[in-house]
file final_39.cif (mmCIF, C-alpha atoms)
data_entry
#
loop_
_atom_site.label_atom_id
_atom_site.label_comp_id
_atom_site.auth_asym_id
_atom_site.auth_seq_id
_atom_site.Cartn_x
_atom_site.Cartn_y
_atom_site.Cartn_z
CA MET Q 1441 42.87 -82.71 -109.30
CA ASN Q 1442 41.41 -81.10 -106.17
CA GLU Q 1443 38.59 -83.31 -104.80
CA SER Q 1444 36.51 -80.34 -103.67
CA ARG Q 1445 36.24 -79.25 -107.30
CA VAL Q 1446 35.01 -82.69 -108.35
CA ASN Q 1447 32.13 -82.68 -105.84
CA PRO Q 1448 28.99 -82.23 -107.98
CA SER Q 1449 26.92 -80.70 -105.17
CA PRO Q 1450 28.96 -78.34 -103.01
CA SER Q 1451 27.04 -76.28 -100.51
CA PRO Q 1452 25.60 -73.13 -102.10
CA ASP Q 1453 27.64 -69.97 -101.65
CA ASP Q 1454 26.44 -66.36 -101.68
CA LEU Q 1455 26.43 -66.19 -105.49
CA ASP Q 1456 24.31 -69.36 -105.70
CA ARG Q 1457 21.85 -67.98 -103.13
CA ARG Q 1458 21.55 -64.66 -104.97
CA LEU Q 1459 21.08 -66.48 -108.30
CA ILE Q 1460 18.37 -68.70 -106.82
CA LEU Q 1461 16.59 -65.70 -105.30
CA LEU Q 1462 16.60 -63.91 -108.66
CA LEU Q 1463 15.20 -67.01 -110.35
CA GLN Q 1464 12.52 -67.34 -107.69
CA ALA Q 1465 11.48 -63.77 -108.44
CA ASN Q 1466 11.52 -64.34 -112.21
CA ALA Q 1467 12.42 -67.78 -113.55
CA ARG Q 1468 12.20 -66.45 -117.12
CA GLU Q 1469 15.03 -63.94 -116.63
CA SER Q 1470 17.71 -64.31 -119.32
CA THR Q 1471 21.19 -65.46 -118.33
CA ALA Q 1472 22.59 -62.15 -119.62
CA THR Q 1473 20.24 -60.16 -117.35
CA LEU Q 1474 21.00 -62.43 -114.40
CA ALA Q 1475 24.72 -61.94 -115.01
CA ARG Q 1476 24.30 -58.14 -115.06
CA LYS Q 1477 22.30 -58.19 -111.82
CA LEU Q 1478 24.87 -60.43 -110.14
CA GLY Q 1479 27.89 -58.61 -111.54
CA VAL Q 1480 29.43 -61.72 -113.11
CA ALA Q 1481 30.03 -63.06 -116.61
CA ARG Q 1482 27.13 -64.75 -118.45
CA THR Q 1483 29.23 -67.93 -118.71
CA THR Q 1484 29.51 -67.97 -114.90
CA VAL Q 1485 25.71 -67.88 -114.62
CA VAL Q 1486 25.35 -70.67 -117.20
CA ALA Q 1487 27.91 -72.83 -115.34
CA ARG Q 1488 26.26 -72.15 -111.97
CA LEU Q 1489 22.82 -73.03 -113.34
CA ALA Q 1490 24.16 -76.27 -114.82
CA ARG Q 1491 25.79 -77.21 -111.51
CA LEU Q 1492 22.69 -76.31 -109.47
CA GLU Q 1493 20.51 -78.38 -111.82
CA ALA Q 1494 22.93 -81.35 -111.86
CA SER Q 1495 23.12 -81.36 -108.05
CA GLY Q 1496 19.33 -81.33 -107.72
CA ARG Q 1497 19.26 -77.95 -105.94
CA ILE Q 1498 17.23 -76.61 -108.90
CA VAL Q 1499 14.83 -79.26 -110.15
CA GLY Q 1500 12.77 -77.19 -112.58
CA TYR Q 1501 11.31 -73.88 -113.58
CA THR Q 1502 7.65 -73.12 -113.18
CA ALA Q 1503 4.96 -70.48 -113.16
CA ARG Q 1504 3.83 -69.51 -109.66
CA LEU Q 1505 0.12 -69.23 -109.08
CA GLY Q 1506 -1.05 -67.35 -106.03
CA GLY Q 1507 0.92 -65.70 -103.26
CA ASP Q 1508 1.88 -68.51 -100.88
CA GLU Q 1509 5.61 -67.70 -101.06
CA ALA Q 1510 5.58 -66.27 -97.53
CA GLY Q 1511 4.49 -69.67 -96.18
CA ARG Q 1512 7.67 -71.32 -97.44
CA SER Q 1513 10.11 -68.84 -95.96
CA VAL Q 1514 10.88 -66.80 -92.87
CA GLN Q 1515 10.16 -63.09 -92.84
CA ALA Q 1516 11.30 -60.51 -90.33
CA PHE Q 1517 10.93 -56.79 -89.81
CA VAL Q 1518 14.22 -55.27 -88.72
CA GLY Q 1519 14.49 -51.84 -87.14
CA ILE Q 1520 17.92 -50.36 -87.87
CA THR Q 1521 19.59 -47.43 -86.10
CA VAL Q 1522 22.58 -45.87 -87.87
CA SER Q 1523 25.22 -43.37 -86.86
CA PRO Q 1524 24.86 -39.79 -88.13
CA LYS Q 1525 25.89 -39.35 -91.78
CA ALA Q 1526 26.18 -43.13 -92.32
CA GLY Q 1527 22.70 -43.58 -93.80
CA ARG Q 1528 23.63 -43.41 -97.48
CA GLU Q 1529 26.37 -46.05 -97.20
CA VAL Q 1530 24.24 -48.30 -94.99
CA VAL Q 1531 21.35 -48.14 -97.49
CA LYS Q 1532 23.76 -48.97 -100.31
CA ARG Q 1533 25.05 -52.04 -98.45
CA LEU Q 1534 21.56 -53.19 -97.46
CA ALA Q 1535 20.39 -52.91 -101.08
CA GLU Q 1536 23.01 -55.53 -102.01
CA LEU Q 1537 21.24 -58.17 -99.89
CA PRO Q 1538 18.98 -60.22 -102.18
CA GLU Q 1539 16.79 -61.21 -99.23
CA LEU Q 1540 15.90 -57.55 -98.59
CA ARG Q 1541 12.32 -57.11 -99.79
CA GLN Q 1542 11.68 -53.57 -98.61
CA LEU Q 1543 13.56 -50.77 -96.88
CA SER Q 1544 11.89 -47.65 -95.52
CA SER Q 1545 13.22 -44.66 -93.64
CA VAL Q 1546 10.95 -44.20 -90.64
CA SER Q 1547 10.30 -41.82 -87.79
CA GLY Q 1548 10.57 -42.95 -84.20
CA GLU Q 1549 12.97 -45.30 -82.49
CA PHE Q 1550 14.75 -46.50 -85.65
CA ASP Q 1551 16.14 -44.79 -88.74
CA TYR Q 1552 15.13 -47.57 -91.14
CA MET Q 1553 12.73 -50.51 -91.17
CA ALA Q 1554 13.70 -53.45 -93.36
CA LEU Q 1555 11.60 -56.41 -94.43
CA LEU Q 1556 13.71 -59.52 -94.97
CA ARG Q 1557 12.69 -62.87 -96.41
CA ALA Q 1558 15.03 -65.84 -95.98
CA ASP Q 1559 14.80 -69.53 -96.82
CA THR Q 1560 15.54 -70.66 -93.27
CA THR Q 1561 15.90 -69.29 -89.76
CA ALA Q 1562 19.62 -70.05 -90.01
CA ARG Q 1563 19.90 -67.83 -93.09
CA LEU Q 1564 17.86 -65.12 -91.34
CA ASP Q 1565 20.25 -65.32 -88.38
CA ALA Q 1566 23.22 -64.93 -90.74
CA LEU Q 1567 21.56 -61.95 -92.43
CA LEU Q 1568 20.99 -60.23 -89.10
CA ASP Q 1569 24.68 -60.75 -88.29
CA GLU Q 1570 25.66 -59.30 -91.70
CA ILE Q 1571 23.47 -56.25 -91.12
CA GLY Q 1572 24.91 -55.73 -87.62
CA GLU Q 1573 28.44 -55.80 -89.06
CA ILE Q 1574 27.81 -53.04 -91.61
CA ASP Q 1575 29.87 -49.94 -90.78
CA GLY Q 1576 27.53 -47.30 -89.42
CA VAL Q 1577 24.88 -49.67 -88.05
CA LEU Q 1578 24.61 -48.97 -84.33
CA ARG Q 1579 21.71 -51.24 -83.37
CA THR Q 1580 19.10 -53.57 -84.81
CA ASN Q 1581 15.87 -54.96 -83.42
CA SER Q 1582 14.13 -57.76 -85.27
CA SER Q 1583 10.62 -59.21 -85.15
CA VAL Q 1584 9.96 -62.48 -86.97
CA VAL Q 1585 6.63 -62.67 -88.80
CA LEU Q 1586 4.59 -65.53 -87.36
CA ALA Q 1587 1.54 -65.19 -89.61
CA LEU Q 1588 0.42 -62.82 -92.35
CA ARG Q 1589 -3.07 -61.61 -91.41
CA VAL Q 1590 -3.80 -59.08 -94.18
CA ASP Q 1591 -1.80 -58.55 -97.39
CA ARG Q 1592 -2.97 -55.88 -99.79
CA GLN Q 1593 0.24 -55.59 -101.77
CA THR Q 1594 -0.10 -56.16 -105.49
#

call {"tool": "encode", "arguments": {"input": "final_39.cif", "output": "structure tokens"}}
result
Amino acid sequence: MNESRVNPSPSPDDLDRRLILLLQANARESTATLARKLGVARTTVVARLARLEASGRIVGYTARLGGDEAGRSVQAFVGITVSPKAGREVVKRLAELPELRQLSSVSGEFDYMALLRADTTARLDALLDEIGEIDGVLRTNSSVVLALRVDRQT
């Protein structure tokens, strides 16, 4: 038996991260809906949840009161410049990133402005690398949010 498969708490991969992000957005989501959103079988979601719970990565499910989520994560605005005619494919690829909270086409220096929210600065760094590697992305410029001063979003 391969020892790496016996390890009860392997480091989370991309599927685990996307599953956790979906649960953070709605912990009451059914496993069937999670599977559809992730593009995997329902049994895969059930097995992943069991492993994440057994390893202590997920320790419970709760109702969130208030909007303090931004204080437990790192947010960044990312200006993205794309090559001509690449916009549609770039948007499609960006939409696959679970940490993408908002994407707007804008006038001015950039073609798009993205709002990202990541668990850690290391994950944000990896996301910025992923975005820079998308075919058609010519340049990015990121600004990390230090403090949220006014938030009128519902």

call {"tool": "closest_residue", "arguments": {"input": "final_39.cif", "among": "Q:Asp1591, Q:Glu1529, Q:Asp1453, Q:Asp1559", "to": "Q:Gly1576", "atoms": "all atoms listed in the file"}}
result
Q:Glu1529

call {"tool": "resolve_selection", "arguments": {"input": "final_39.cif", "expression": "the PyMOL selection byres ((chain Q and resi 1539-1549) around 12)", "output": "JSON, numbers by chain"}}
result
{"Q": [1454, 1457, 1458, 1459, 1460, 1461, 1462, 1464, 1465, 1510, 1513, 1514, 1515, 1516, 1517, 1518, 1519, 1520, 1521, 1522, 1527, 1528, 1530, 1531, 1532, 1533, 1534, 1535, 1536, 1537, 1538, 1550, 1551, 1552, 1553, 1554, 1555, 1556, 1557, 1558, 1559, 1560, 1563, 1564, 1566, 1567, 1568, 1570, 1571, 1579, 1580, 1581]}

call {"tool": "atom_distance", "arguments": {"input": "final_39.cif", "atom1": "atom CA of Q:Asp1575", "atom2": "atom CA of Q:Gly1479"}}
result
22.6 Å

call {"tool": "closest_residue", "arguments": {"input": "final_39.cif", "among": "Q:Ala1526, Q:Ala1475, Q:Ile1574, Q:Ala1562", "to": "Q:Arg1488", "atoms": "all atoms listed in the file"}}
result
Q:Ala1475

call {"tool": "residues_around", "arguments": {"input": "final_39.cif", "residues": "Q:Gly1500", "least_positions_apart": "5", "cutoff": "12 Å", "atoms": "all atoms listed in the file", "output": "list in words"}}
result
Ile1460, Leu1463, Gln1464, Ala1467, Arg1468, Leu1489, Ala1490, Leu1492, Glu1493 and Ala1494 of chain Q

call {"tool": "atom_distance", "arguments": {"input": "final_39.cif", "atom1": "atom CA of Q:Glu1573", "atom2": "atom CA of Q:Leu1586"}}
result
25.8 Å

call {"tool": "atom_distance", "arguments": {"input": "final_39.cif", "atom1": "atom CA of Q:Val1480", "atom2": "atom CA of Q:Thr1502"}}
result
24.6 Å

call {"tool": "closest_residue", "arguments": {"input": "final_39.cif", "among": "Q:Val1577, Q:Val1590, Q:Ala1472, Q:Leu1455", "to": "Q:Ser1523", "atoms": "all atoms listed in the file"}}
result
Q:Val1577

call {"tool": "axis_aligned_box", "arguments": {"input": "final_39.cif", "around": "stretch 1527-1531 of chain Q", "padding_each_side": "5 Å", "output": "JSON"}}
result
{"center_x": 23.9, "center_y": -45.9, "center_z": -95.6, "size_x": 15.0, "size_y": 14.9, "size_z": 13.7}

call {"tool": "decode", "arguments": {"input": "final_39.cif", "residues": "stretch 1474-1506 of chain Q", "atoms": "N, CA, C and O atoms", "output": "JSON list (two decimals), in the first residue's frame"}}
result
[["chain", "number", "residue", "atom", "x", "y", "z"],
["Q", 1474, "LEU", "N", -22.73, 20.80, -4.62],
["Q", 1474, "LEU", "CA", -21.28, 21.01, -4.56],
["Q", 1474, "LEU", "C", -20.57, 20.24, -5.68],
["Q", 1474, "LEU", "O", -19.69, 20.78, -6.35],
["Q", 1475, "ALA", "N", -20.98, 19.00, -5.87],
["Q", 1475, "ALA", "CA", -20.37, 18.17, -6.92],
["Q", 1475, "ALA", "C", -20.57, 18.79, -8.30],
["Q", 1475, "ALA", "O", -19.64, 18.84, -9.11],
["Q", 1476, "ARG", "N", -21.79, 19.29, -8.56],
["Q", 1476, "ARG", "CA", -22.05, 19.94, -9.85],
["Q", 1476, "ARG", "C", -21.16, 21.17, -10.04],
["Q", 1476, "ARG", "O", -20.59, 21.38, -11.10],
["Q", 1477, "LYS", "N", -21.05, 21.99, -9.00],
["Q", 1477, "LYS", "CA", -20.24, 23.20, -9.09],
["Q", 1477, "LYS", "C", -18.76, 22.88, -9.27],
["Q", 1477, "LYS", "O", -18.04, 23.64, -9.92],
["Q", 1478, "LEU", "N", -18.30, 21.78, -8.70],
["Q", 1478, "LEU", "CA", -16.90, 21.40, -8.78],
["Q", 1478, "LEU", "C", -16.60, 20.53, -10.00],
["Q", 1478, "LEU", "O", -15.44, 20.30, -10.33],
["Q", 1479, "GLY", "N", -17.65, 20.00, -10.62],
["Q", 1479, "GLY", "CA", -17.45, 19.14, -11.79],
["Q", 1479, "GLY", "C", -16.92, 17.76, -11.44],
["Q", 1479, "GLY", "O", -16.15, 17.18, -12.21],
["Q", 1480, "VAL", "N", -17.33, 17.24, -10.28],
["Q", 1480, "VAL", "CA", -16.90, 15.91, -9.85],
["Q", 1480, "VAL", "C", -18.12, 15.11, -9.41],
["Q", 1480, "VAL", "O", -19.22, 15.65, -9.28],
["Q", 1481, "ALA", "N", -17.91, 13.83, -9.15],
["Q", 1481, "ALA", "CA", -19.00, 12.97, -8.68],
["Q", 1481, "ALA", "C", -19.36, 13.32, -7.23],
["Q", 1481, "ALA", "O", -18.50, 13.76, -6.45],
["Q", 1482, "ARG", "N", -20.62, 13.11, -6.87],
["Q", 1482, "ARG", "CA", -21.09, 13.37, -5.51],
["Q", 1482, "ARG", "C", -20.29, 12.54, -4.51],
["Q", 1482, "ARG", "O", -19.93, 13.02, -3.42],
["Q", 1483, "THR", "N", -19.95, 11.29, -4.87],
["Q", 1483, "THR", "CA", -19.19, 10.43, -3.95],
["Q", 1483, "THR", "C", -17.79, 11.01, -3.70],
["Q", 1483, "THR", "O", -17.25, 10.83, -2.61],
["Q", 1484, "THR", "N", -17.23, 11.71, -4.68],
["Q", 1484, "THR", "CA", -15.93, 12.37, -4.49],
["Q", 1484, "THR", "C", -16.06, 13.46, -3.44],
["Q", 1484, "THR", "O", -15.20, 13.60, -2.56],
["Q", 1485, "VAL", "N", -17.14, 14.25, -3.51],
["Q", 1485, "VAL", "CA", -17.36, 15.32, -2.53],
["Q", 1485, "VAL", "C", -17.53, 14.72, -1.14],
["Q", 1485, "VAL", "O", -16.94, 15.19, -0.17],
["Q", 1486, "VAL", "N", -18.33, 13.66, -1.03],
["Q", 1486, "VAL", "CA", -18.56, 13.01, 0.27],
["Q", 1486, "VAL", "C", -17.23, 12.51, 0.85],
["Q", 1486, "VAL", "O", -16.94, 12.72, 2.03],
["Q", 1487, "ALA", "N", -16.41, 11.87, 0.01],
["Q", 1487, "ALA", "CA", -15.12, 11.36, 0.49],
["Q", 1487, "ALA", "C", -14.19, 12.50, 0.89],
["Q", 1487, "ALA", "O", -13.50, 12.41, 1.92],
["Q", 1488, "ARG", "N", -14.17, 13.57, 0.11],
["Q", 1488, "ARG", "CA", -13.32, 14.72, 0.44],
["Q", 1488, "ARG", "C", -13.76, 15.36, 1.76],
["Q", 1488, "ARG", "O", -12.93, 15.71, 2.59],
["Q", 1489, "LEU", "N", -15.07, 15.52, 1.93],
["Q", 1489, "LEU", "CA", -15.57, 16.10, 3.19],
["Q", 1489, "LEU", "C", -15.18, 15.23, 4.38],
["Q", 1489, "LEU", "O", -14.74, 15.74, 5.40],
["Q", 1490, "ALA", "N", -15.33, 13.92, 4.23],
["Q", 1490, "ALA", "CA", -14.98, 13.01, 5.33],
["Q", 1490, "ALA", "C", -13.50, 13.13, 5.67],
["Q", 1490, "ALA", "O", -13.12, 13.17, 6.85],
["Q", 1491, "ARG", "N", -12.65, 13.20, 4.64],
["Q", 1491, "ARG", "CA", -11.21, 13.32, 4.87],
["Q", 1491, "ARG", "C", -10.86, 14.66, 5.51],
["Q", 1491, "ARG", "O", -10.06, 14.73, 6.44],
["Q", 1492, "LEU", "N", -11.48, 15.74, 5.02],
["Q", 1492, "LEU", "CA", -11.21, 17.07, 5.57],
["Q", 1492, "LEU", "C", -11.67, 17.17, 7.03],
["Q", 1492, "LEU", "O", -11.02, 17.80, 7.86],
["Q", 1493, "GLU", "N", -12.78, 16.52, 7.34],
["Q", 1493, "GLU", "CA", -13.27, 16.51, 8.73],
["Q", 1493, "GLU", "C", -12.37, 15.65, 9.61],
["Q", 1493, "GLU", "O", -12.00, 16.05, 10.72],
["Q", 1494, "ALA", "N", -11.98, 14.46, 9.12],
["Q", 1494, "ALA", "CA", -11.13, 13.56, 9.91],
["Q", 1494, "ALA", "C", -9.76, 14.17, 10.17],
["Q", 1494, "ALA", "O", -9.17, 13.95, 11.25],
["Q", 1495, "SER", "N", -9.26, 14.95, 9.23],
["Q", 1495, "SER", "CA", -7.93, 15.56, 9.40],
["Q", 1495, "SER", "C", -7.96, 16.81, 10.27],
["Q", 1495, "SER", "O", -6.92, 17.32, 10.65],
["Q", 1496, "GLY", "N", -9.17, 17.31, 10.57],
["Q", 1496, "GLY", "CA", -9.29, 18.51, 11.38],
["Q", 1496, "GLY", "C", -9.25, 19.80, 10.58],
["Q", 1496, "GLY", "O", -9.31, 20.88, 11.14],
["Q", 1497, "ARG", "N", -9.15, 19.68, 9.26],
["Q", 1497, "ARG", "CA", -9.16, 20.90, 8.41],
["Q", 1497, "ARG", "C", -10.54, 21.55, 8.48],
["Q", 1497, "ARG", "O", -10.64, 22.75, 8.55],
["Q", 1498, "ILE", "N", -11.59, 20.74, 8.46],
["Q", 1498, "ILE", "CA", -12.95, 21.23, 8.71],
["Q", 1498, "ILE", "C", -13.36, 20.71, 10.08],
["Q", 1498, "ILE", "O", -13.37, 19.51, 10.32],
["Q", 1499, "VAL", "N", -13.67, 21.63, 10.99],
["Q", 1499, "VAL", "CA", -13.99, 21.22, 12.35],
["Q", 1499, "VAL", "C", -15.46, 21.44, 12.69],
["Q", 1499, "VAL", "O", -15.89, 21.12, 13.79],
["Q", 1500, "GLY", "N", -16.24, 21.98, 11.75],
["Q", 1500, "GLY", "CA", -17.66, 22.16, 12.00],
["Q", 1500, "GLY", "C", -18.29, 23.03, 10.94],
["Q", 1500, "GLY", "O", -17.61, 23.56, 10.06],
["Q", 1501, "TYR", "N", -19.58, 23.16, 11.05],
["Q", 1501, "TYR", "CA", -20.37, 23.97, 10.13],
["Q", 1501, "TYR", "C", -21.19, 24.92, 10.99],
["Q", 1501, "TYR", "O", -21.73, 24.51, 12.01],
["Q", 1502, "THR", "N", -21.25, 26.16, 10.57],
["Q", 1502, "THR", "CA", -21.89, 27.15, 11.43],
["Q", 1502, "THR", "C", -22.58, 28.23, 10.62],
["Q", 1502, "THR", "O", -22.33, 28.38, 9.43],
["Q", 1503, "ALA", "N", -23.42, 28.97, 11.28],
["Q", 1503, "ALA", "CA", -24.03, 30.16, 10.68],
["Q", 1503, "ALA", "C", -23.10, 31.33, 10.95],
["Q", 1503, "ALA", "O", -22.56, 31.47, 12.05],
["Q", 1504, "ARG", "N", -22.88, 32.17, 9.95],
["Q", 1504, "ARG", "CA", -22.02, 33.33, 10.10],
["Q", 1504, "ARG", "C", -22.87, 34.54, 10.40],
["Q", 1504, "ARG", "O", -23.81, 34.83, 9.68],
["Q", 1505, "LEU", "N", -22.54, 35.24, 11.45],
["Q", 1505, "LEU", "CA", -23.24, 36.47, 11.80],
["Q", 1505, "LEU", "C", -22.32, 37.64, 11.55],
["Q", 1505, "LEU", "O", -21.19, 37.66, 12.01],
["Q", 1506, "GLY", "N", -22.78, 38.61, 10.81],
["Q", 1506, "GLY", "CA", -21.96, 39.77, 10.53],
["Q", 1506, "GLY", "C", -21.07, 39.57, 9.33],
["Q", 1506, "GLY", "O", -21.05, 38.52, 8.72]]
